[in-house]
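**Q** To start, I am sharing the structure in question, which I have written as structure tokens.
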Amino acid sequence: MEHSENWNRVEPGRSGPCREMRDSCIQTDSKIQGHGPRLSKINLFTLLSLWMELFPQEQLEEDDSIQIHGTGLVVVREDKVVGLHCSGTDLHAGQAAIIQHGANLADCQLYFSRRPCATCLKMIINAGVSQILFWPGDPEISMLTPASKNQTNSHSPPHSITEEAALDAVATEKLKSNSRPHICVQLQPLAPGLVQFVYETSRECDFMERLTDDDPELNTEEVFNRERVKHLRHFSRHFLVATSHQHKHILIQMGLENFCVEPYFSNLRQNMRELVEVLAAVAAGVPQQNCGFYREQLETSLPHHEEASQEVARHCIIQARLLAYRTEDPKVGVGAVIWAKGKSAGCSGTGRLYLVGCGFNAYPAGSKYAEYPQMDNKQEDRQRRKYRFIIHAEQNALTFRMRDIKPEEPAMLFVTKCPCDECVPLIRGAGITHIYTSDQDRDKDKGDISYLRFSLLKDINKFIWQRSPSLSSVSSHLANGCVGKHGRQTEQESYKNKRLCTKSCSDSPVS
């Protein structure tokens with residue numbers, strides 16, 4: 001049996017790893033890295049599926065006789081995310097995807113945070129998907145009994161699995177062996193230095209920088225480290241099988257005996273741990289304690305009940321932050337996710353929210369990474385700067401959206417940086433009603449890119465990441481929980497000298 005240390009995919013029941021898949025960018029074919037390591041598309045989709053499993057929702061009903069895990073699911077078509085799902089009170093994630101997408105799942109790839117149960121698998125196979133991929137931990141129908149879940153002695157023998165889990169494993173293997181789609185584990189080692197890169201950039205991201213601005217005496221590094229350790233402990237308990245013995249037992253029952261051979265089993269565990277570390281660092285960059293998204297004071301605004309809760313808003317901005325680590329921009333990664341809020345709640349775990357689109361900043365689709373200029377505004381020769389070539393995260397999210405934005409439905413944009421002047425008209429024209437973001441670049445003019453129009457937006461609810469107004473003494477914070485516009489000076493030239501100016505559009509300053 002041959003194994004490759006740089007394995008990408010091993011299919012259950014096969015004698016060895018499949019041929020290495022080419023790691024092309026979601027937007028373009030990319031062979032050259034930018035300013036730092038970046039997430040492969042495989043690991044990006046895997047992390048999104050893990051994070052979707054933790055989508056804020058009502059407590060799922062637990063059945064003591066059948067231990068069923070909530071599950072996250074990412075639906076991918078032609079290397080683009082077309083669905084983000086999670087288990088709800090009535091439907092598993094796979095069932096929710098069937099309800100929403102139906103036959104449109106044909107030729108899609110499905111990334112699950114756990115191996116789906118046979119009930120979901122049979123419908124997904126029937127829909128004609130091209131590939132089903134899952135996190136190699138405890139499956140949707142758990143193989144760990146309550147006693148073994150609480151067991152911490154790694155030298156104790158593995159407990160026998162429940163009858164329901166055993167039957168499901170047999171049915172799943174039968175469905176796999178007779179199906180057209182590839183059903184497999186697809187997990188890549190992270191690029192060298194990526195864990196440290198994510199740690200450093202998360203610790204210094206716009207959301208952490210805003211905390212420093214709001215409270216200069218706050219030790220933000222201590223806040224970040226505390227959040228990261230807390231998340232790491234929680235995610236490790238949730239996604240990593242407690243002991244090596246239990247993990248091997250589960251892998252064997254799922255037909256993944258190849259992974260149990262050393263050193264490949266140790267490599268698998270290490271790759272899983274590193275992905276969990278990345279997720280913990282990204283989540284820590286948007287700290288929970290005394291922070292949140294608070295509405296700015298506007299002349300007109302939608303009713304408060306149309307807002308996303310603090311928990312959901314934070315979850316969605318972390319989705320955007322994960323996408324940002326797939327950027328092609330040599331300097332700044334930006335991610336964006338758009339959710340629409342329907343009139344009634346579906347059976348999915350996302351309640352009334354439906355994914356519209358998501359994206360990150362990248363060069364035009366079909367181009368090679370090194371074909372375009374990559375310099376920033378520090379480069380003297382303006383012809384060698386990137387700004388006229390990069391497609392912004394908001395632009396990609398709107399261009400490759402999966403559904404139209406309906407006028408009667410609130411449409412919520414979650415973006416990791418303040419929208420620039422190039423994107424503001426698109427956001428307004430598309431019918432976005434809510435923007436959740438950090439405003440660290442608000443009112444700045446950097447010559448090639450400016451952020452002046454954001455303050456002039458009318459009839460769009462803007463929710464800015466900051467400390468809770470009740471804990472802040474800054475005079476711009478209002479008693480009703482809204483926050484006023486920040487008065488910040490432009491860096492280089494006045495807005496009236498820009499080609500793209502407010503005189504050419506109908507926007508007017510907020511009074």
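By order in the structure tokens, chains are A, B, ...; within a chain, residues start at 1; ligands start at 1, following the order shown.
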Which residues come within 8 Å of range 127-140 of chain A, counting only C-alpha atoms, excluding same-chain residues fewer than 5 positions away, as a PDB file with N, CA, C and O atoms, in the first residue's frame?
**A**
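selection.pdb written:
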```
ATOM      1  N   THR A  46     -13.972  23.253   4.201  1.00  0.00           N
ATOM      2  CA  THR A  46     -14.040  22.430   5.411  1.00  0.00           C
ATOM      3  C   THR A  46     -14.274  23.308   6.639  1.00  0.00           C
ATOM      4  O   THR A  46     -15.133  23.003   7.481  1.00  0.00           O
ATOM      5  N   ILE A  68     -27.587  11.998  17.837  1.00  0.00           N
ATOM      6  CA  ILE A  68     -27.441  12.628  16.528  1.00  0.00           C
ATOM      7  C   ILE A  68     -26.768  13.986  16.700  1.00  0.00           C
ATOM      8  O   ILE A  68     -27.246  14.830  17.452  1.00  0.00           O
ATOM      9  N   HIS A  69     -25.660  14.182  15.994  1.00  0.00           N
ATOM     10  CA  HIS A  69     -24.942  15.445  16.030  1.00  0.00           C
ATOM     11  C   HIS A  69     -25.576  16.442  15.068  1.00  0.00           C
ATOM     12  O   HIS A  69     -25.970  16.085  13.952  1.00  0.00           O
ATOM     13  N   GLY A  70     -25.663  17.700  15.501  1.00  0.00           N
ATOM     14  CA  GLY A  70     -25.916  18.755  14.533  1.00  0.00           C
ATOM     15  C   GLY A  70     -24.761  18.798  13.549  1.00  0.00           C
ATOM     16  O   GLY A  70     -23.617  18.512  13.898  1.00  0.00           O
ATOM     17  N   THR A  71     -25.047  19.166  12.293  1.00  0.00           N
ATOM     18  CA  THR A  71     -24.049  19.075  11.234  1.00  0.00           C
ATOM     19  C   THR A  71     -24.069  20.340  10.389  1.00  0.00           C
ATOM     20  O   THR A  71     -25.129  20.921  10.154  1.00  0.00           O
ATOM     21  N   ILE A  98     -31.496  19.500   0.462  1.00  0.00           N
ATOM     22  CA  ILE A  98     -32.408  18.900  -0.520  1.00  0.00           C
ATOM     23  C   ILE A  98     -33.659  19.753  -0.672  1.00  0.00           C
ATOM     24  O   ILE A  98     -34.124  20.029  -1.788  1.00  0.00           O
ATOM     25  N   GLY A 102     -32.934  21.050  -4.195  1.00  0.00           N
ATOM     26  CA  GLY A 102     -33.538  20.025  -5.025  1.00  0.00           C
ATOM     27  C   GLY A 102     -32.590  19.503  -6.093  1.00  0.00           C
ATOM     28  O   GLY A 102     -31.423  19.204  -5.832  1.00  0.00           O
ATOM     29  N   ALA A 103     -33.095  19.430  -7.324  1.00  0.00           N
ATOM     30  CA  ALA A 103     -32.294  18.899  -8.433  1.00  0.00           C
ATOM     31  C   ALA A 103     -31.115  19.797  -8.787  1.00  0.00           C
ATOM     32  O   ALA A 103     -30.207  19.370  -9.513  1.00  0.00           O
ATOM     33  N   ASN A 104     -31.091  21.027  -8.290  1.00  0.00           N
ATOM     34  CA  ASN A 104     -29.959  21.924  -8.552  1.00  0.00           C
ATOM     35  C   ASN A 104     -28.679  21.453  -7.861  1.00  0.00           C
ATOM     36  O   ASN A 104     -27.606  22.006  -8.105  1.00  0.00           O
ATOM     37  N   LEU A 105     -28.786  20.442  -6.989  1.00  0.00           N
ATOM     38  CA  LEU A 105     -27.592  19.870  -6.367  1.00  0.00           C
ATOM     39  C   LEU A 105     -26.786  19.026  -7.347  1.00  0.00           C
ATOM     40  O   LEU A 105     -25.655  18.638  -7.046  1.00  0.00           O
ATOM     41  N   ALA A 106     -27.353  18.736  -8.504  1.00  0.00           N
ATOM     42  CA  ALA A 106     -26.651  17.916  -9.488  1.00  0.00           C
ATOM     43  C   ALA A 106     -25.298  18.528  -9.820  1.00  0.00           C
ATOM     44  O   ALA A 106     -25.190  19.732 -10.064  1.00  0.00           O
ATOM     45  N   ASP A 107     -24.265  17.675  -9.778  1.00  0.00           N
ATOM     46  CA  ASP A 107     -22.885  18.057 -10.113  1.00  0.00           C
ATOM     47  C   ASP A 107     -22.249  18.985  -9.075  1.00  0.00           C
ATOM     48  O   ASP A 107     -21.192  19.568  -9.336  1.00  0.00           O
ATOM     49  N   CYS A 108     -22.858  19.142  -7.916  1.00  0.00           N
ATOM     50  CA  CYS A 108     -22.257  19.943  -6.844  1.00  0.00           C
ATOM     51  C   CYS A 108     -21.363  19.083  -5.965  1.00  0.00           C
ATOM     52  O   CYS A 108     -21.471  17.846  -5.937  1.00  0.00           O
ATOM     53  N   GLN A 109     -20.484  19.741  -5.236  1.00  0.00           N
ATOM     54  CA  GLN A 109     -19.705  19.102  -4.178  1.00  0.00           C
ATOM     55  C   GLN A 109     -20.289  19.519  -2.837  1.00  0.00           C
ATOM     56  O   GLN A 109     -20.615  20.692  -2.644  1.00  0.00           O
ATOM     57  N   LEU A 110     -20.428  18.559  -1.937  1.00  0.00           N
ATOM     58  CA  LEU A 110     -20.999  18.829  -0.622  1.00  0.00           C
ATOM     59  C   LEU A 110     -19.951  18.552   0.446  1.00  0.00           C
ATOM     60  O   LEU A 110     -19.441  17.431   0.547  1.00  0.00           O
ATOM     61  N   TYR A 111     -19.638  19.576   1.236  1.00  0.00           N
ATOM     62  CA  TYR A 111     -18.669  19.452   2.325  1.00  0.00           C
ATOM     63  C   TYR A 111     -19.431  19.406   3.643  1.00  0.00           C
ATOM     64  O   TYR A 111     -20.045  20.388   4.057  1.00  0.00           O
ATOM     65  N   PHE A 112     -19.384  18.268   4.322  1.00  0.00           N
ATOM     66  CA  PHE A 112     -20.070  18.074   5.596  1.00  0.00           C
ATOM     67  C   PHE A 112     -19.084  18.175   6.754  1.00  0.00           C
ATOM     68  O   PHE A 112     -17.932  17.749   6.644  1.00  0.00           O
ATOM     69  N   SER A 113     -19.568  18.708   7.882  1.00  0.00           N
ATOM     70  CA  SER A 113     -18.738  18.740   9.087  1.00  0.00           C
ATOM     71  C   SER A 113     -18.686  17.379   9.773  1.00  0.00           C
ATOM     72  O   SER A 113     -17.885  17.179  10.682  1.00  0.00           O
ATOM     73  N   ARG A 114     -19.523  16.452   9.330  1.00  0.00           N
ATOM     74  CA  ARG A 114     -19.501  15.062   9.797  1.00  0.00           C
ATOM     75  C   ARG A 114     -20.004  14.176   8.668  1.00  0.00           C
ATOM     76  O   ARG A 114     -20.708  14.654   7.775  1.00  0.00           O
ATOM     77  N   ARG A 115     -19.664  12.910   8.712  1.00  0.00           N
ATOM     78  CA  ARG A 115     -20.222  12.014   7.694  1.00  0.00           C
ATOM     79  C   ARG A 115     -21.735  11.971   7.850  1.00  0.00           C
ATOM     80  O   ARG A 115     -22.252  11.704   8.936  1.00  0.00           O
ATOM     81  N   PRO A 116     -22.481  12.254   6.769  1.00  0.00           N
ATOM     82  CA  PRO A 116     -23.945  12.292   6.883  1.00  0.00           C
ATOM     83  C   PRO A 116     -24.522  10.903   7.114  1.00  0.00           C
ATOM     84  O   PRO A 116     -23.918   9.885   6.746  1.00  0.00           O
ATOM     85  N   CYS A 117     -25.692  10.874   7.721  1.00  0.00           N
ATOM     86  CA  CYS A 117     -26.363   9.604   7.982  1.00  0.00           C
ATOM     87  C   CYS A 117     -26.917   9.034   6.680  1.00  0.00           C
ATOM     88  O   CYS A 117     -27.008   9.724   5.653  1.00  0.00           O
ATOM     89  N   ARG A 180     -22.781   6.740  -7.728  1.00  0.00           N
ATOM     90  CA  ARG A 180     -21.944   7.416  -8.710  1.00  0.00           C
ATOM     91  C   ARG A 180     -21.025   8.449  -8.064  1.00  0.00           C
ATOM     92  O   ARG A 180     -19.863   8.561  -8.441  1.00  0.00           O
ATOM     93  N   PRO A 181     -21.497   9.247  -7.100  1.00  0.00           N
ATOM     94  CA  PRO A 181     -20.623  10.274  -6.518  1.00  0.00           C
ATOM     95  C   PRO A 181     -19.467   9.680  -5.724  1.00  0.00           C
ATOM     96  O   PRO A 181     -19.559   8.576  -5.189  1.00  0.00           O
ATOM     97  N   HIS A 182     -18.358  10.406  -5.691  1.00  0.00           N
ATOM     98  CA  HIS A 182     -17.256  10.053  -4.801  1.00  0.00           C
ATOM     99  C   HIS A 182     -17.647  10.459  -3.387  1.00  0.00           C
ATOM    100  O   HIS A 182     -18.030  11.592  -3.134  1.00  0.00           O
ATOM    101  N   ILE A 183     -17.552   9.532  -2.461  1.00  0.00           N
ATOM    102  CA  ILE A 183     -17.838   9.809  -1.053  1.00  0.00           C
ATOM    103  C   ILE A 183     -16.525   9.599  -0.305  1.00  0.00           C
ATOM    104  O   ILE A 183     -16.014   8.481  -0.253  1.00  0.00           O
ATOM    105  N   CYS A 184     -15.966  10.656   0.255  1.00  0.00           N
ATOM    106  CA  CYS A 184     -14.588  10.563   0.712  1.00  0.00           C
ATOM    107  C   CYS A 184     -14.267  11.633   1.745  1.00  0.00           C
ATOM    108  O   CYS A 184     -15.070  12.520   2.033  1.00  0.00           O
ATOM    109  N   VAL A 185     -13.081  11.507   2.304  1.00  0.00           N
ATOM    110  CA  VAL A 185     -12.484  12.536   3.150  1.00  0.00           C
ATOM    111  C   VAL A 185     -11.550  13.353   2.271  1.00  0.00           C
ATOM    112  O   VAL A 185     -10.798  12.803   1.469  1.00  0.00           O
ATOM    113  N   GLN A 186     -11.618  14.651   2.397  1.00  0.00           N
ATOM    114  CA  GLN A 186     -10.741  15.521   1.622  1.00  0.00           C
ATOM    115  C   GLN A 186     -10.172  16.561   2.576  1.00  0.00           C
ATOM    116  O   GLN A 186     -10.822  17.523   2.936  1.00  0.00           O
ATOM    117  N   LEU A 187      -8.945  16.329   3.011  1.00  0.00           N
ATOM    118  CA  LEU A 187      -8.334  17.185   4.024  1.00  0.00           C
ATOM    119  C   LEU A 187      -6.882  17.394   3.643  1.00  0.00           C
ATOM    120  O   LEU A 187      -6.160  16.434   3.391  1.00  0.00           O
ATOM    121  N   PHE A 239     -15.058  18.989  17.852  1.00  0.00           N
ATOM    122  CA  PHE A 239     -14.741  18.434  16.539  1.00  0.00           C
ATOM    123  C   PHE A 239     -13.681  17.332  16.561  1.00  0.00           C
ATOM    124  O   PHE A 239     -13.580  16.574  15.592  1.00  0.00           O
ATOM    125  N   LEU A 240     -12.882  17.262  17.601  1.00  0.00           N
ATOM    126  CA  LEU A 240     -11.831  16.254  17.655  1.00  0.00           C
ATOM    127  C   LEU A 240     -12.264  15.113  18.563  1.00  0.00           C
ATOM    128  O   LEU A 240     -12.709  15.341  19.684  1.00  0.00           O
ATOM    129  N   VAL A 241     -12.129  13.906  18.085  1.00  0.00           N
ATOM    130  CA  VAL A 241     -12.452  12.747  18.906  1.00  0.00           C
ATOM    131  C   VAL A 241     -11.507  12.715  20.097  1.00  0.00           C
ATOM    132  O   VAL A 241     -10.299  12.950  19.964  1.00  0.00           O
ATOM    133  N   HIS A 247     -10.832   7.340  18.108  1.00  0.00           N
ATOM    134  CA  HIS A 247     -10.799   7.849  16.741  1.00  0.00           C
ATOM    135  C   HIS A 247     -10.521   6.721  15.746  1.00  0.00           C
ATOM    136  O   HIS A 247     -11.179   6.616  14.695  1.00  0.00           O
ATOM    137  N   ILE A 250     -13.597   4.615  15.267  1.00  0.00           N
ATOM    138  CA  ILE A 250     -14.602   5.276  14.423  1.00  0.00           C
ATOM    139  C   ILE A 250     -14.199   5.213  12.950  1.00  0.00           C
ATOM    140  O   ILE A 250     -15.017   4.913  12.074  1.00  0.00           O
ATOM    141  N   LEU A 251     -12.923   5.485  12.672  1.00  0.00           N
ATOM    142  CA  LEU A 251     -12.458   5.467  11.286  1.00  0.00           C
ATOM    143  C   LEU A 251     -12.616   4.081  10.670  1.00  0.00           C
ATOM    144  O   LEU A 251     -13.021   3.953   9.504  1.00  0.00           O
TER     145      LEU A 251
END
```
**Q** What's the 7 Å shell around Leu355 in chain A, counting only C-alpha atoms, without same-chain residues fewer than 2 positions away, as a PyMOL selection string?
**A** chain A and resi 83-84+338-340+353+357
**Q** Take the residues that were just selected and, keeping N, CA, C and O atoms, output them as a PDB file, in the first residue's frame.
**A**
```
ATOM      1  N   GLY A  83     -24.358  27.341  -1.169  1.00  0.00           N
ATOM      2  CA  GLY A  83     -25.244  27.030  -0.059  1.00  0.00           C
ATOM      3  C   GLY A  83     -24.481  26.841   1.236  1.00  0.00           C
ATOM      4  O   GLY A  83     -23.412  26.226   1.248  1.00  0.00           O
ATOM      5  N   LEU A  84     -25.017  27.405   2.323  1.00  0.00           N
ATOM      6  CA  LEU A  84     -24.496  27.200   3.671  1.00  0.00           C
ATOM      7  C   LEU A  84     -25.660  26.720   4.528  1.00  0.00           C
ATOM      8  O   LEU A  84     -26.647  27.432   4.675  1.00  0.00           O
ATOM      9  N   ILE A 338     -23.580  37.649   2.079  1.00  0.00           N
ATOM     10  CA  ILE A 338     -24.893  38.300   2.025  1.00  0.00           C
ATOM     11  C   ILE A 338     -25.958  37.267   2.364  1.00  0.00           C
ATOM     12  O   ILE A 338     -26.034  36.199   1.740  1.00  0.00           O
ATOM     13  N   TRP A 339     -26.773  37.582   3.370  1.00  0.00           N
ATOM     14  CA  TRP A 339     -27.917  36.755   3.755  1.00  0.00           C
ATOM     15  C   TRP A 339     -29.196  37.578   3.592  1.00  0.00           C
ATOM     16  O   TRP A 339     -29.215  38.767   3.909  1.00  0.00           O
ATOM     17  N   ALA A 340     -30.251  36.946   3.112  1.00  0.00           N
ATOM     18  CA  ALA A 340     -31.567  37.575   3.052  1.00  0.00           C
ATOM     19  C   ALA A 340     -32.462  36.966   4.116  1.00  0.00           C
ATOM     20  O   ALA A 340     -32.310  35.795   4.475  1.00  0.00           O
ATOM     21  N   LEU A 353     -33.081  33.044   7.604  1.00  0.00           N
ATOM     22  CA  LEU A 353     -31.989  33.507   6.761  1.00  0.00           C
ATOM     23  C   LEU A 353     -31.724  32.551   5.596  1.00  0.00           C
ATOM     24  O   LEU A 353     -31.694  31.333   5.767  1.00  0.00           O
ATOM     25  N   GLY A 357     -25.175  35.253  -1.366  1.00  0.00           N
ATOM     26  CA  GLY A 357     -23.887  35.108  -2.029  1.00  0.00           C
ATOM     27  C   GLY A 357     -22.740  35.391  -1.087  1.00  0.00           C
ATOM     28  O   GLY A 357     -22.929  35.955  -0.006  1.00  0.00           O
TER      29      GLY A 357
END
```
**Q** Could you work out how far CA of Cys358 in chain A lies from CA of Ala345 in chain A, giving the answer in Å with one decimal?
**A**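 Distance reported for this atom pair: 21.3 Å.
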**Q** Go through A:Asp439, A:Glu222, A:Glu307, A:Asp168 one by one, measure the shortest atom-to-atom distance of each to Ile460 in chain A using only C-alpha atoms, and give the residue with the smallest value.
**A**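 Result for the nearest residue to Ile460 in chain A: A:Glu307.
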**Q** Taking the DSSP assignment computed from this structure's backbone, write out as a tab-separated table (two decimals) with N, CA and C atoms, in the first residue's frame all residues of range 84-126 of chain A that belong to helix (DSSP H, G or I).
**A**
```tsv
chain	number	residue	atom	x	y	z
A	93	ALA	N	-28.83	18.71	8.13
A	93	ALA	CA	-28.28	19.66	7.17
A	93	ALA	C	-28.46	19.17	5.74
A	94	GLY	N	-28.23	17.88	5.51
A	94	GLY	CA	-28.40	17.32	4.17
A	94	GLY	C	-29.84	17.41	3.70
A	95	GLN	N	-30.78	17.16	4.58
A	95	GLN	CA	-32.19	17.27	4.23
A	95	GLN	C	-32.57	18.71	3.92
A	96	ALA	N	-32.03	19.67	4.71
A	96	ALA	CA	-32.30	21.08	4.45
A	96	ALA	C	-31.79	21.48	3.07
A	97	ALA	N	-30.62	20.96	2.68
A	97	ALA	CA	-30.07	21.26	1.35
A	97	ALA	C	-30.97	20.69	0.25
A	98	ILE	N	-31.50	19.50	0.46
A	98	ILE	CA	-32.41	18.90	-0.52
A	98	ILE	C	-33.66	19.75	-0.67
A	99	ILE	N	-34.21	20.20	0.45
A	99	ILE	CA	-35.42	21.03	0.40
A	99	ILE	C	-35.16	22.33	-0.35
A	100	GLN	N	-34.03	22.96	-0.10
A	100	GLN	CA	-33.76	24.27	-0.69
A	100	GLN	C	-33.29	24.19	-2.14
A	101	HIS	N	-32.42	23.22	-2.45
A	101	HIS	CA	-31.80	23.18	-3.78
A	101	HIS	C	-32.43	22.16	-4.72
A	102	GLY	N	-32.93	21.05	-4.19
A	102	GLY	CA	-33.54	20.03	-5.03
A	102	GLY	C	-32.59	19.50	-6.09
A	103	ALA	N	-33.10	19.43	-7.32
A	103	ALA	CA	-32.29	18.90	-8.43
A	103	ALA	C	-31.12	19.80	-8.79
A	104	ASN	N	-31.09	21.03	-8.29
A	104	ASN	CA	-29.96	21.92	-8.55
A	104	ASN	C	-28.68	21.45	-7.86
A	105	LEU	N	-28.79	20.44	-6.99
A	105	LEU	CA	-27.59	19.87	-6.37
A	105	LEU	C	-26.79	19.03	-7.35
A	118	ALA	N	-27.33	7.77	6.71
A	118	ALA	CA	-27.84	7.11	5.51
A	118	ALA	C	-29.11	7.77	4.99
A	119	THR	N	-29.94	8.31	5.91
A	119	THR	CA	-31.18	8.97	5.49
A	119	THR	C	-30.88	10.16	4.60
A	120	CYS	N	-29.87	10.98	4.98
A	120	CYS	CA	-29.47	12.11	4.15
A	120	CYS	C	-28.74	11.64	2.91
A	121	LEU	N	-27.87	10.66	3.08
A	121	LEU	CA	-27.00	10.23	2.00
A	121	LEU	C	-27.79	9.71	0.81
A	122	LYS	N	-28.84	8.94	1.06
A	122	LYS	CA	-29.59	8.36	-0.06
A	122	LYS	C	-30.24	9.44	-0.92
A	123	MET	N	-30.74	10.52	-0.28
A	123	MET	CA	-31.36	11.59	-1.04
A	123	MET	C	-30.33	12.41	-1.79
A	124	ILE	N	-29.18	12.63	-1.16
A	124	ILE	CA	-28.13	13.42	-1.80
A	124	ILE	C	-27.58	12.68	-3.02
A	125	ILE	N	-27.36	11.38	-2.87
A	125	ILE	CA	-26.91	10.58	-4.01
A	125	ILE	C	-27.94	10.63	-5.13
A	126	ASN	N	-29.19	10.52	-4.76
A	126	ASN	CA	-30.27	10.54	-5.75
A	126	ASN	C	-30.33	11.86	-6.51
```
**Q** Quick one: pull the distance between CA of Leu275 in chain A and CA of Asn396 in chain A, Å, one decimal.
**A**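 Straight-line distance from CA of Leu275 in chain A to CA of Asn396 in chain A works out to 25.4 Å.
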**Q** Quick one: pick out all strand (DSSP E or B) residues within range 77-172 of chain A from a backbone DSSP run and write them as a list in words.
**A**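 In range 77-172 of chain A, DSSP puts these residues in strand (DSSP E or B): Arg77, Lys80, Val81, Val82, Gly83, Leu84, His85, Cys86, Gln109, Leu110, Tyr111, Phe112, Gln131, Ile132, Leu133, Phe134 and Ile141 of chain A.
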**Q** Given the selection you just returned, output its residues as a file containing C-alpha atoms, formatted as a PDB file, in the first residue's frame.
**A**
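What landed in result_18.pdb:
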```
ATOM      1  CA  ARG A  77     -20.678  24.388  -7.585  1.00  0.00           C
ATOM      2  CA  LYS A  80     -18.109  28.662  -5.668  1.00  0.00           C
ATOM      3  CA  VAL A  81     -20.176  28.435  -2.488  1.00  0.00           C
ATOM      4  CA  VAL A  82     -23.868  28.210  -3.391  1.00  0.00           C
ATOM      5  CA  GLY A  83     -25.244  27.030  -0.059  1.00  0.00           C
ATOM      6  CA  LEU A  84     -24.496  27.200   3.671  1.00  0.00           C
ATOM      7  CA  HIS A  85     -26.668  24.927   5.799  1.00  0.00           C
ATOM      8  CA  CYS A  86     -26.867  23.422   9.270  1.00  0.00           C
ATOM      9  CA  GLN A 109     -19.705  19.102  -4.178  1.00  0.00           C
ATOM     10  CA  LEU A 110     -20.999  18.829  -0.622  1.00  0.00           C
ATOM     11  CA  TYR A 111     -18.669  19.452   2.325  1.00  0.00           C
ATOM     12  CA  PHE A 112     -20.070  18.074   5.596  1.00  0.00           C
ATOM     13  CA  GLN A 131     -18.774  14.502  -4.611  1.00  0.00           C
ATOM     14  CA  ILE A 132     -19.612  14.129  -0.929  1.00  0.00           C
ATOM     15  CA  LEU A 133     -16.841  15.056   1.498  1.00  0.00           C
ATOM     16  CA  PHE A 134     -16.849  14.870   5.276  1.00  0.00           C
ATOM     17  CA  ILE A 141     -25.243   9.396  14.030  1.00  0.00           C
TER      18      ILE A 141
END
```
**Q** From the options A:Ser87, A:Ala308, A:Gly285, A:Trp51, which residue's atoms come nearest to Arg210 in chain A, counting only C-alpha atoms?
**A**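 Among the listed residues, A:Gly285 lies closest to Arg210 in chain A.
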**Q** Excluding same-chain residues fewer than 4 positions from Trp465 in chain A, what lies within 8 Å of it counting only C-alpha atoms, as a PyMOL selection string?
**A** chain A and resi 207+210+291-294+436-439
**Q** May I ask for the distance between CA of Ala169 in chain A and CA of Tyr264 in chain A, given in Å to one decimal place?
**A** 22.7 Å
**Q** Between A:Val424, A:Ile432, A:Ala171, A:Leu44, which residue has the minimum interatomic distance to Phe360 in chain A, considering only C-alpha atoms?
**A**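 Looking at the shortest contact to Phe360 in chain A, the residue is A:Leu44.
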**Q** Glu163 in chain A: which residues within 12 Å, counting only C-alpha atoms, same-chain residues fewer than 2 positions away excluded, as a count of residues only?
**A** 16
